[in-house]
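Shown here: entry_2.cif, mmCIF, C-alpha atoms and all ligand atoms.
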```
data_query
#
loop_
_atom_site.label_atom_id
_atom_site.label_comp_id
_atom_site.auth_asym_id
_atom_site.auth_seq_id
_atom_site.Cartn_x
_atom_site.Cartn_y
_atom_site.Cartn_z
CA MET A 1 -15.16 1.45 31.09
CA LYS A 2 -14.30 -1.23 28.54
CA LYS A 3 -10.82 -0.86 27.05
CA ILE A 4 -10.03 -1.15 23.33
CA GLY A 5 -6.51 -1.53 21.94
CA ILE A 6 -5.44 -0.06 18.60
CA LEU A 7 -2.38 -1.11 16.62
CA THR A 8 -0.92 -0.24 13.23
CA GLY A 9 1.21 -2.90 11.52
CA GLY A 10 3.21 -3.36 8.32
CA GLY A 11 4.49 -0.55 6.09
CA ASP A 12 3.00 2.73 7.27
CA CYS A 13 0.96 4.89 4.92
CA PRO A 14 -0.71 8.28 4.89
CA GLY A 15 -4.10 8.06 6.57
CA LEU A 16 -3.15 5.92 9.57
CA ASN A 17 -3.20 8.85 11.99
CA GLN A 18 -6.62 9.89 10.68
CA ALA A 19 -7.94 6.34 11.10
CA ILE A 20 -6.64 6.26 14.69
CA ARG A 21 -8.25 9.65 15.30
CA GLY A 22 -11.60 8.52 13.86
CA ALA A 23 -11.58 5.32 15.91
CA VAL A 24 -10.60 7.07 19.17
CA TYR A 25 -13.24 9.80 18.74
CA LYS A 26 -15.99 7.28 18.03
CA LEU A 27 -14.92 4.86 20.77
CA HIS A 28 -14.87 7.76 23.22
CA ALA A 29 -18.37 8.80 22.12
CA LEU A 30 -19.54 5.21 22.65
CA GLY A 31 -18.10 5.14 26.17
CA PHE A 32 -14.94 3.06 25.58
CA GLU A 33 -11.43 3.74 26.82
CA CYS A 34 -8.54 3.44 24.29
CA VAL A 35 -4.93 2.41 24.40
CA GLY A 36 -2.36 2.17 21.60
CA LEU A 37 -0.11 -0.86 21.16
CA GLU A 38 3.37 0.29 20.22
CA ASP A 39 4.83 -0.78 16.87
CA GLY A 40 2.19 -3.18 15.60
CA TRP A 41 2.05 -6.79 16.76
CA LYS A 42 5.35 -6.24 18.58
CA GLY A 43 3.39 -4.11 21.07
CA MET A 44 0.95 -6.99 21.65
CA ILE A 45 3.77 -9.50 22.16
CA GLN A 46 5.56 -7.20 24.60
CA ALA A 47 2.46 -5.56 26.11
CA LYS A 48 3.94 -2.15 25.31
CA THR A 49 1.38 0.61 25.20
CA VAL A 50 1.01 4.21 24.07
CA PRO A 51 -1.62 6.44 25.72
CA LEU A 52 -4.54 7.34 23.43
CA ASP A 53 -7.47 9.61 24.08
CA VAL A 54 -9.41 12.30 22.25
CA ASP A 55 -7.09 15.12 23.36
CA ILE A 56 -3.98 13.19 22.27
CA VAL A 57 -5.30 12.46 18.77
CA GLU A 58 -7.02 15.80 18.20
CA ASP A 59 -4.10 17.28 16.28
CA LEU A 60 -3.75 14.35 13.90
CA ALA A 61 -6.19 15.57 11.26
CA SER A 62 -3.49 16.21 8.66
CA ARG A 63 -0.33 14.46 9.89
CA GLY A 64 1.24 11.59 7.92
CA GLY A 65 2.60 8.36 9.44
CA THR A 66 1.28 6.64 12.56
CA MET A 67 1.71 8.10 16.05
CA ILE A 68 1.70 4.64 17.67
CA GLY A 69 4.47 3.22 15.48
CA SER A 70 4.52 0.22 13.17
CA SER A 71 6.63 -2.86 12.48
CA ARG A 72 6.57 -6.00 10.37
CA THR A 73 6.49 -8.28 13.41
CA ASN A 74 4.61 -11.55 12.95
CA PRO A 75 3.58 -13.21 16.25
CA PHE A 76 3.15 -16.54 14.42
CA LYS A 77 6.85 -16.45 13.47
CA LYS A 78 8.15 -15.65 16.96
CA GLU A 79 8.75 -18.27 19.62
CA GLY A 80 5.89 -17.84 22.10
CA GLY A 81 4.58 -14.88 20.07
CA VAL A 82 0.96 -16.03 19.88
CA ALA A 83 0.76 -17.00 23.56
CA ALA A 84 2.25 -13.63 24.54
CA THR A 85 -0.21 -11.80 22.26
CA LEU A 86 -3.17 -13.64 23.80
CA ALA A 87 -1.81 -12.98 27.30
CA THR A 88 -1.68 -9.25 26.54
CA PHE A 89 -5.44 -9.18 25.97
CA LYS A 90 -5.85 -10.41 29.57
CA LYS A 91 -3.01 -8.41 31.08
CA LEU A 92 -4.26 -5.09 29.68
CA GLY A 93 -7.92 -6.03 30.11
CA LEU A 94 -8.67 -5.49 26.43
CA HIS A 95 -12.30 -5.96 25.49
CA GLY A 96 -11.29 -5.71 21.83
CA LEU A 97 -8.48 -4.79 19.47
CA ILE A 98 -8.56 -2.76 16.26
CA ALA A 99 -5.75 -3.89 13.95
CA MET A 100 -4.96 -1.48 11.12
CA GLY A 101 -2.87 -3.00 8.37
CA GLY A 102 -2.49 -4.66 5.02
CA GLU A 103 -2.65 -8.35 4.08
CA ASP A 104 0.05 -9.34 6.61
CA THR A 105 -1.26 -7.52 9.68
CA LEU A 106 -4.85 -8.44 8.85
CA GLY A 107 -3.75 -12.01 8.10
CA VAL A 108 -2.47 -12.26 11.69
CA ALA A 109 -5.74 -10.74 12.96
CA ALA A 110 -7.77 -13.25 10.91
CA LYS A 111 -5.76 -16.18 12.26
CA LEU A 112 -5.95 -14.98 15.86
CA PHE A 113 -9.73 -14.72 15.52
CA ARG A 114 -10.11 -18.04 13.65
CA GLU A 115 -7.82 -20.12 15.85
CA HIS A 116 -8.12 -18.39 19.22
CA GLN A 117 -11.38 -16.38 19.02
CA ALA A 118 -9.38 -13.22 19.79
CA PRO A 119 -11.72 -10.18 19.72
CA VAL A 120 -10.14 -8.36 16.77
CA VAL A 121 -11.57 -6.10 14.07
CA GLY A 122 -9.62 -4.81 11.06
CA VAL A 123 -9.02 -1.54 9.25
CA PRO A 124 -7.46 -1.97 5.80
CA LYS A 125 -4.60 0.30 4.83
CA THR A 126 -1.84 0.11 2.27
CA MET A 127 -0.35 2.30 -0.40
CA ASP A 128 -0.35 -0.82 -2.63
CA ASN A 129 -4.20 -0.92 -2.84
CA ASP A 130 -3.96 -4.70 -3.17
CA LEU A 131 -6.71 -5.86 -0.78
CA SER A 132 -9.48 -7.46 -2.80
CA ALA A 133 -12.30 -7.00 -0.28
CA THR A 134 -12.27 -3.20 -0.44
CA ASP A 135 -12.50 -0.89 -3.46
CA TYR A 136 -9.72 1.33 -2.12
CA THR A 137 -7.31 1.33 0.76
CA PHE A 138 -6.22 4.65 2.24
CA GLY A 139 -2.59 5.51 1.53
CA PHE A 140 -2.92 4.68 -2.15
CA ASP A 141 -4.33 8.01 -3.31
CA THR A 142 -1.58 9.95 -1.53
CA ALA A 143 1.19 7.63 -2.78
CA VAL A 144 0.00 7.98 -6.38
CA SER A 145 -0.31 11.75 -6.00
CA VAL A 146 3.32 11.90 -4.86
CA ALA A 147 4.43 9.64 -7.73
CA MET A 148 2.44 11.72 -10.22
CA ASP A 149 4.21 14.86 -9.02
CA ALA A 150 7.59 13.10 -9.30
CA ALA A 151 6.74 12.05 -12.86
CA ALA A 152 5.91 15.64 -13.84
CA ARG A 153 9.23 16.81 -12.42
CA LEU A 154 11.11 14.10 -14.29
CA LEU A 155 9.35 15.08 -17.51
CA ASP A 156 10.45 18.72 -17.07
CA THR A 157 14.12 17.88 -16.77
CA GLY A 158 13.88 15.09 -19.35
CA ARG A 159 12.35 17.49 -21.86
CA SER A 160 15.21 19.96 -21.36
CA HIS A 161 17.84 17.31 -22.04
CA ARG A 162 15.92 15.35 -24.69
CA ARG A 163 16.11 12.26 -22.50
CA VAL A 164 14.03 9.25 -21.64
CA MET A 165 13.11 9.29 -17.96
CA VAL A 166 12.32 6.16 -15.95
CA LEU A 167 10.42 6.39 -12.67
CA GLU A 168 10.39 3.38 -10.34
CA VAL A 169 7.50 3.23 -7.88
CA MET A 170 6.50 0.88 -5.07
CA GLY A 171 3.39 -1.29 -4.98
CA ARG A 172 4.75 -4.74 -4.23
CA HIS A 173 3.18 -7.50 -6.39
CA ALA A 174 0.28 -5.35 -7.57
CA GLY A 175 0.88 -2.78 -10.31
CA TRP A 176 -1.80 -0.29 -9.22
CA VAL A 177 0.59 2.48 -8.19
CA ALA A 178 2.53 2.29 -11.46
CA LEU A 179 -0.65 1.95 -13.53
CA TYR A 180 -2.47 4.94 -12.02
CA THR A 181 0.71 7.06 -11.99
CA GLY A 182 1.49 6.20 -15.60
CA ILE A 183 -1.98 6.99 -16.91
CA ALA A 184 -2.34 10.16 -14.83
CA ALA A 185 1.13 11.50 -15.64
CA GLY A 186 1.01 10.72 -19.38
CA ALA A 187 3.65 7.97 -19.43
CA ASP A 188 4.65 6.37 -22.73
CA TYR A 189 5.15 2.90 -21.27
CA VAL A 190 4.29 1.33 -17.94
CA CYS A 191 5.83 -1.88 -16.60
CA ILE A 192 3.66 -3.74 -14.08
CA PRO A 193 4.23 -7.13 -12.41
CA GLU A 194 1.00 -8.56 -13.85
CA ARG A 195 2.29 -8.34 -17.42
CA LYS A 196 5.56 -9.55 -18.87
CA VAL A 197 7.76 -6.65 -19.99
CA ASP A 198 7.94 -6.74 -23.78
CA VAL A 199 11.33 -5.09 -24.35
CA LYS A 200 10.81 -4.64 -28.11
CA ALA A 201 7.38 -3.04 -27.65
CA MET A 202 8.73 -0.82 -24.87
CA ALA A 203 11.67 0.34 -27.00
CA ALA A 204 9.35 1.02 -29.96
CA ALA A 205 6.92 3.02 -27.79
CA VAL A 206 9.75 5.02 -26.25
CA LYS A 207 11.37 5.75 -29.62
CA ALA A 208 8.08 6.88 -31.16
CA ALA A 209 7.24 9.08 -28.16
CA HIS A 210 10.71 10.61 -28.16
CA ALA A 211 10.47 11.33 -31.88
CA ARG A 212 7.19 13.20 -31.30
CA LYS A 213 8.00 15.02 -28.03
CA LYS A 214 11.79 14.90 -27.58
CA VAL A 215 11.15 13.28 -24.21
CA ALA A 216 9.60 10.02 -23.02
CA LEU A 217 8.49 8.71 -19.65
CA VAL A 218 8.44 5.11 -18.48
CA VAL A 219 6.93 4.12 -15.12
CA VAL A 220 8.18 0.88 -13.58
CA SER A 221 6.65 -1.05 -10.70
CA GLU A 222 9.19 -2.46 -8.24
CA ALA A 223 8.16 -6.13 -8.54
CA ILE A 224 8.41 -6.62 -12.31
CA GLU A 225 10.38 -9.58 -13.64
CA LEU A 226 12.95 -8.90 -16.33
CA GLU A 227 14.14 -11.68 -18.58
CA GLN A 228 17.72 -11.00 -17.62
CA ASP A 229 16.89 -11.70 -13.96
CA GLY A 230 18.77 -14.86 -13.03
CA PRO A 231 18.10 -16.80 -9.83
CA LYS A 232 19.17 -14.60 -6.94
CA GLU A 233 19.24 -15.00 -3.23
CA GLU A 234 16.45 -12.76 -2.01
CA LYS A 235 16.23 -11.33 1.51
CA LEU A 236 12.80 -11.95 3.07
CA ASP A 237 10.88 -10.22 5.88
CA GLU A 238 8.97 -12.05 8.65
CA PHE A 239 5.98 -12.49 6.36
CA GLY A 240 8.12 -14.07 3.65
CA HIS A 241 8.12 -11.01 1.36
CA MET A 242 11.14 -10.10 -0.76
CA LEU A 243 12.79 -6.74 -0.05
CA LEU A 244 11.95 -5.39 -3.48
CA GLN A 245 13.78 -2.06 -3.36
CA GLU A 246 17.11 -3.86 -3.50
CA ARG A 247 16.32 -5.22 -6.98
CA GLU A 248 16.66 -1.77 -8.60
CA VAL A 249 14.49 -2.63 -11.58
CA GLY A 250 14.10 1.05 -12.55
CA GLU A 251 17.83 1.26 -13.13
CA GLN A 252 17.80 -1.99 -15.10
CA VAL A 253 14.93 -0.81 -17.30
CA ALA A 254 16.78 2.47 -17.97
CA GLU A 255 19.85 0.51 -19.08
CA ILE A 256 17.76 -1.68 -21.37
CA ILE A 257 16.05 1.34 -22.94
CA GLU A 258 19.32 3.17 -23.57
CA LYS A 259 20.80 0.03 -25.14
CA GLU A 260 17.74 -0.69 -27.31
CA THR A 261 17.01 2.89 -28.43
CA GLY A 262 20.35 4.66 -28.27
CA ILE A 263 18.61 7.55 -26.47
CA GLU A 264 20.16 8.93 -23.31
CA THR A 265 18.11 7.66 -20.36
CA ARG A 266 17.99 8.50 -16.65
CA HIS A 267 16.08 6.86 -13.81
CA ALA A 268 14.79 7.81 -10.36
CA THR A 269 13.37 5.70 -7.54
CA ILE A 270 11.12 7.59 -5.15
CA GLY A 271 10.77 4.74 -2.63
CA HIS A 272 9.52 5.71 0.80
CA ILE A 273 8.83 9.31 -0.23
CA GLN A 274 5.53 7.84 -1.46
CA ARG A 275 4.62 6.86 2.11
CA GLY A 276 5.21 10.22 3.80
CA GLY A 277 3.58 13.61 3.92
CA HIS A 278 0.06 14.93 4.42
CA PRO A 279 -2.60 12.53 3.20
CA THR A 280 -4.85 13.70 0.36
CA LEU A 281 -8.47 14.67 1.02
CA PHE A 282 -9.61 11.25 -0.26
CA ASP A 283 -7.29 9.36 2.10
CA ARG A 284 -8.13 11.54 5.11
CA LEU A 285 -11.85 10.96 4.64
CA LEU A 286 -11.59 7.26 3.85
CA ALA A 287 -9.27 6.67 6.83
CA THR A 288 -11.52 8.61 9.21
CA ARG A 289 -14.60 6.67 8.05
CA ALA A 290 -12.77 3.34 8.34
CA GLY A 291 -11.66 4.17 11.90
CA ILE A 292 -15.20 5.16 12.89
CA PHE A 293 -16.67 2.06 11.26
CA ALA A 294 -14.20 -0.18 13.09
CA ALA A 295 -15.28 1.39 16.39
CA GLU A 296 -18.88 0.60 15.48
CA LEU A 297 -17.91 -3.02 14.71
CA VAL A 298 -16.44 -3.22 18.22
CA GLU A 299 -19.60 -1.73 19.74
CA ASP A 300 -21.70 -4.32 17.86
CA GLY A 301 -19.39 -7.17 18.92
CA LYS A 302 -18.64 -7.96 15.26
CA PHE A 303 -15.17 -9.36 15.88
CA GLY A 304 -13.45 -11.12 12.98
CA PHE A 305 -14.67 -8.41 10.59
CA MET A 306 -13.03 -5.55 8.74
CA ALA A 307 -14.26 -2.16 7.53
CA ALA A 308 -14.36 -2.13 3.71
CA LEU A 309 -15.29 0.48 1.13
CA ARG A 310 -17.79 -0.74 -1.49
CA GLY A 311 -18.85 2.02 -3.84
CA ASN A 312 -19.24 4.88 -1.40
CA ASP A 313 -20.42 2.76 1.51
CA MET A 314 -18.53 1.28 4.42
CA VAL A 315 -19.45 -2.38 4.90
CA ALA A 316 -18.31 -5.22 7.15
CA VAL A 317 -16.32 -8.00 5.47
CA SER A 318 -14.96 -11.04 7.30
CA LEU A 319 -11.21 -10.93 7.90
CA ASP A 320 -10.91 -14.35 6.29
CA GLU A 321 -12.55 -13.09 3.10
CA ALA A 322 -10.51 -9.88 3.23
CA THR A 323 -7.19 -11.71 3.32
CA ALA A 324 -8.04 -14.60 1.00
CA LYS A 325 -6.52 -13.16 -2.16
CA LEU A 326 -4.64 -10.15 -3.44
CA LYS A 327 -6.21 -7.63 -5.80
CA THR A 328 -3.98 -7.28 -8.82
CA VAL A 329 -4.34 -5.35 -12.08
CA THR A 330 -7.02 -6.91 -14.28
CA LEU A 331 -7.02 -7.48 -18.03
CA GLU A 332 -9.39 -4.60 -18.75
CA TRP A 333 -6.75 -2.19 -17.48
CA PHE A 334 -4.22 -3.48 -20.02
CA GLY A 335 -6.46 -2.09 -22.77
CA ILE A 336 -6.80 1.31 -21.07
CA LEU A 337 -3.05 1.44 -20.54
CA ASP A 338 -2.20 0.55 -24.14
CA THR A 339 -4.67 3.07 -25.47
CA MET A 340 -3.25 5.86 -23.32
CA CYS A 341 0.37 4.92 -24.09
CA ARG A 342 -0.45 4.93 -27.83
CA ILE A 343 0.71 1.32 -28.19
CA PRO A 344 -0.17 0.11 -31.71
CA GLY A 345 -3.12 -2.28 -31.46
CA GLY A 346 -3.88 -1.02 -27.96
CA ASN A 347 -7.06 0.65 -29.16
CA THR A 348 -8.43 -2.66 -30.31
CA VAL A 349 -8.61 -4.06 -26.80
CA LYS A 350 -12.22 -3.49 -25.70
CA VAL A 351 -12.78 -2.37 -22.13
O1 LIG B 1 3.47 -2.58 1.33
C1 LIG B 1 3.83 -1.24 1.27
C2 LIG B 1 5.23 -1.07 0.75
O2 LIG B 1 5.52 0.31 0.66
C3 LIG B 1 5.52 -1.77 -0.58
O3 LIG B 1 5.05 -1.04 -1.67
C4 LIG B 1 7.03 -1.91 -0.49
O4 LIG B 1 7.50 -2.98 -1.29
C5 LIG B 1 7.27 -2.17 0.96
O5 LIG B 1 6.16 -1.65 1.66
C6 LIG B 1 8.53 -1.57 1.53
O6 LIG B 1 8.66 -2.01 2.84
P1 LIG B 1 9.64 -1.40 3.92
O7 LIG B 1 9.06 -0.08 4.38
O8 LIG B 1 9.67 -2.41 4.99
O9 LIG B 1 10.96 -1.18 3.25
#
```

Kindly return the structure encoded in the file as C-alpha cells.
Ligand code: F6P
Amino acid sequence: MKKIGILTGGGDCPGLNQAIRGAVYKLHALGFECVGLEDGWKGMIQAKTVPLDVDIVEDLASRGGTMIGSSRTNPFKKEGGVAATLATFKKLGLHGLIAMGGEDTLGVAAKLFREHQAPVVGVPKTMDNDLSATDYTFGFDTAVSVAMDAAARLLDTGRSHRRVMVLEVMGRHAGWVALYTGIAAGADYVCIPERKVDVKAMAAAVKAAHARKKVALVVVSEAIELEQDGPKEEKLDEFGHMLLQEREVGEQVAEIIEKETGIETRHATIGHIQRGGHPTLFDRLLATRAGIFAAELVEDGKFGFMAALRGNDMVAVSLDEATAKLKTVTLEWFGILDTMCRIPGGNTVKV
C-alpha cells in the first residue's frame, strides 16, 4: 500500500479536522495508507508521526482545531531543515504529502516541489481568506460568524450604556474578516488595512450614528496603520510576520474615538476565540471537499497543485500560482462598505 502523509501548518482554523477526515476517507477508498505529521513542518523535520486511519478520523465531523497539531515552523529557516524534510519522505516511505495551510505552509510546499520535486499537494485554509487562487478558504466563514456574534453582544451592552463599542478582529494584512463582520453586524465604521483610517470621517460617522441610535459600533482589523504609530521594534515569526495582536489597535482606536467625539467608548479584542469552536456548515463542506480533492490530486500524480474553490467547483491550481500574491480587499468593497455605514458620499461610489 502506498503511504501518504498529511500535515497542517500555520495558524489553525475551523475546518482542518474535516479536511483531514475527507482526505483520509478518500485516500482509504483509493487504496492508500495515511499517516499524520505532527505539528506541521516540524513533524517533517523531526519525522514525528500521528496515526491516521478512517476509524481514527470518523468522529471529526464537527470538531474544531486540528487533531495532528500545527506550528509555524519553516524548514527553510532551520539549519538542515530542508534536508531533514526530504529525508523524512524516504524514511517514512511517503509516496506523497498533503500540506494543509495558508500562504506560509503552502509557500514551503511550493518551494519544496519547485526546488526538490517533492511530491506535495496543497489544501488551502485560513481564517484570513487571503489566498488569491481560491474564492474562499475554510475557517473564514466560522471566524466571521464568531465575530458577528461578538459584535451583536457588544451592541447590546453598548446600547444599554449609550456607548461606542470597538471590536478588534484578526485577519492579518487582509481586511476581509473586519469587512464581512462590519457589514453583517451593522457597524457604523470599519477600519481595514487596505485603506488609511480617516480619523475625522470615523469620528463624524460615529457621532452621527450615536445621535440616531444612542450606540455605535466600530470594527477594527488588527493590521491597520494609525498615524500616531511611530517606528516600533516588531517581533517576527519564522515566516517574517509581525505578531499583530501585541499592537492593540482596537484599544488605540477606542481612545481616539473617545477623544474626538467625547462619547464614552469601550473596546474588545476577540483574538483566538475566532479560531476555535465547531465549524459552520459552509466550512465543514468546503473543508471536506478540499480534503477529498487533494486525495484525488495524489491519485492522479498531480503534485505541485492545490485544491481551490472557483464558483462552486473544486479545481487544481499550481502551488506557485496559489502563493504568488495575497488577496486583499478590493476597491469595489469600499463603496459597499461606505454605503452600508452611511458615510456621506459613500452612495456615489459605483460597484
Ligand atoms: O493567519 C491566521 C491568524 O489568526 C491571523 O489572523 C493572526 O494575525 C495570526 O494568525 C495569529 O497567529 P498566532 O496564532 O500565531 O498568534

Item to complete: Take atom CA of Glu332 of chain A and atom CA of Leu244 of chain A and report the distance between them in Å, one decimal.
Response: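 One can read the atom CA of Glu332 of chain A to atom CA of Leu244 of chain A distance as 26.3 Å.
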
Item to complete: Show me which residues sit within 9 Å of ligand LIG 1 (chain B) when counting all atoms listed in the file, and put them as a PyMOL selection string.
Response: chain A and resi 10-13+71-72+102-103+126-130+169-174+177+222-223+237+241-245+271-272+274-275

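With distances taken from (6.5, 3.8, -29.3) and restricted to only C-alpha atoms, the residues inside 10 Å are A:Asp188, A:Tyr189, A:Lys200, A:Ala201, A:Met202, A:Ala203, A:Ala204, A:Ala205, A:Val206, A:Lys207, A:Ala208, A:Ala209, A:His210, A:Ala211, A:Arg212, A:Ala216, A:Cys341, A:Arg342, A:Ile343, A:Pro344.
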
Worksheet entry | A:Val220, A:Ala295, A:Ala87, A:Leu154 ranked by distance to Gly175 of chain A, top pick (using only C-alpha atoms) |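 Ranking A:Val220, A:Ala295, A:Ala87, A:Leu154 by distance to Gly175 of chain A, first place goes to A:Val220.
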
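The spacing separating atom CA of Met44 of chain A from atom CA of Leu7 of chain A amounts to 8.4 Å.
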
Worksheet item: What gap, in Å, lies between atom CA of Arg163 of chain A and atom CA of Ala147 of chain A?
Response: 19.0 Å

Discussion item. I'd like to know which of A:Val57, A:Lys91, A:Tyr180, A:Arg266 is closest to His161 of chain A, using only C-alpha atoms.
Written reply: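 Distance minimum relative to His161 of chain A lands on A:Arg266.
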
Practice prompt. Identify which of the residues A:Ile257, A:Leu281, A:Val329, A:Val82 lies closest to Ile192 of chain A, counting all atoms listed in the file when measuring atom-to-atom distances.
Written response: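 Nearest candidate to Ile192 of chain A out of A:Ile257, A:Leu281, A:Val329, A:Val82: A:Val329.
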
Worksheet, complete the sentence: Using only C-alpha atoms, the shortest atom-to-atom distance to Glu258 of chain A among A:Ala178, A:Met165, A:Leu337, A:Val317 belongs to A:Met165

Worksheet item: When distances are computed from only C-alpha atoms, which of A:Leu326, A:Val199, A:Leu167, A:Met1 shows the smallest separation from Gly250 of chain A?
Response: A:Leu167

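The nearest approach to Gln18 of chain A among the residues A:Glu33, A:Asp141, A:Asp198, A:Glu58, with all atoms listed in the file taken into account, belongs to A:Glu58.
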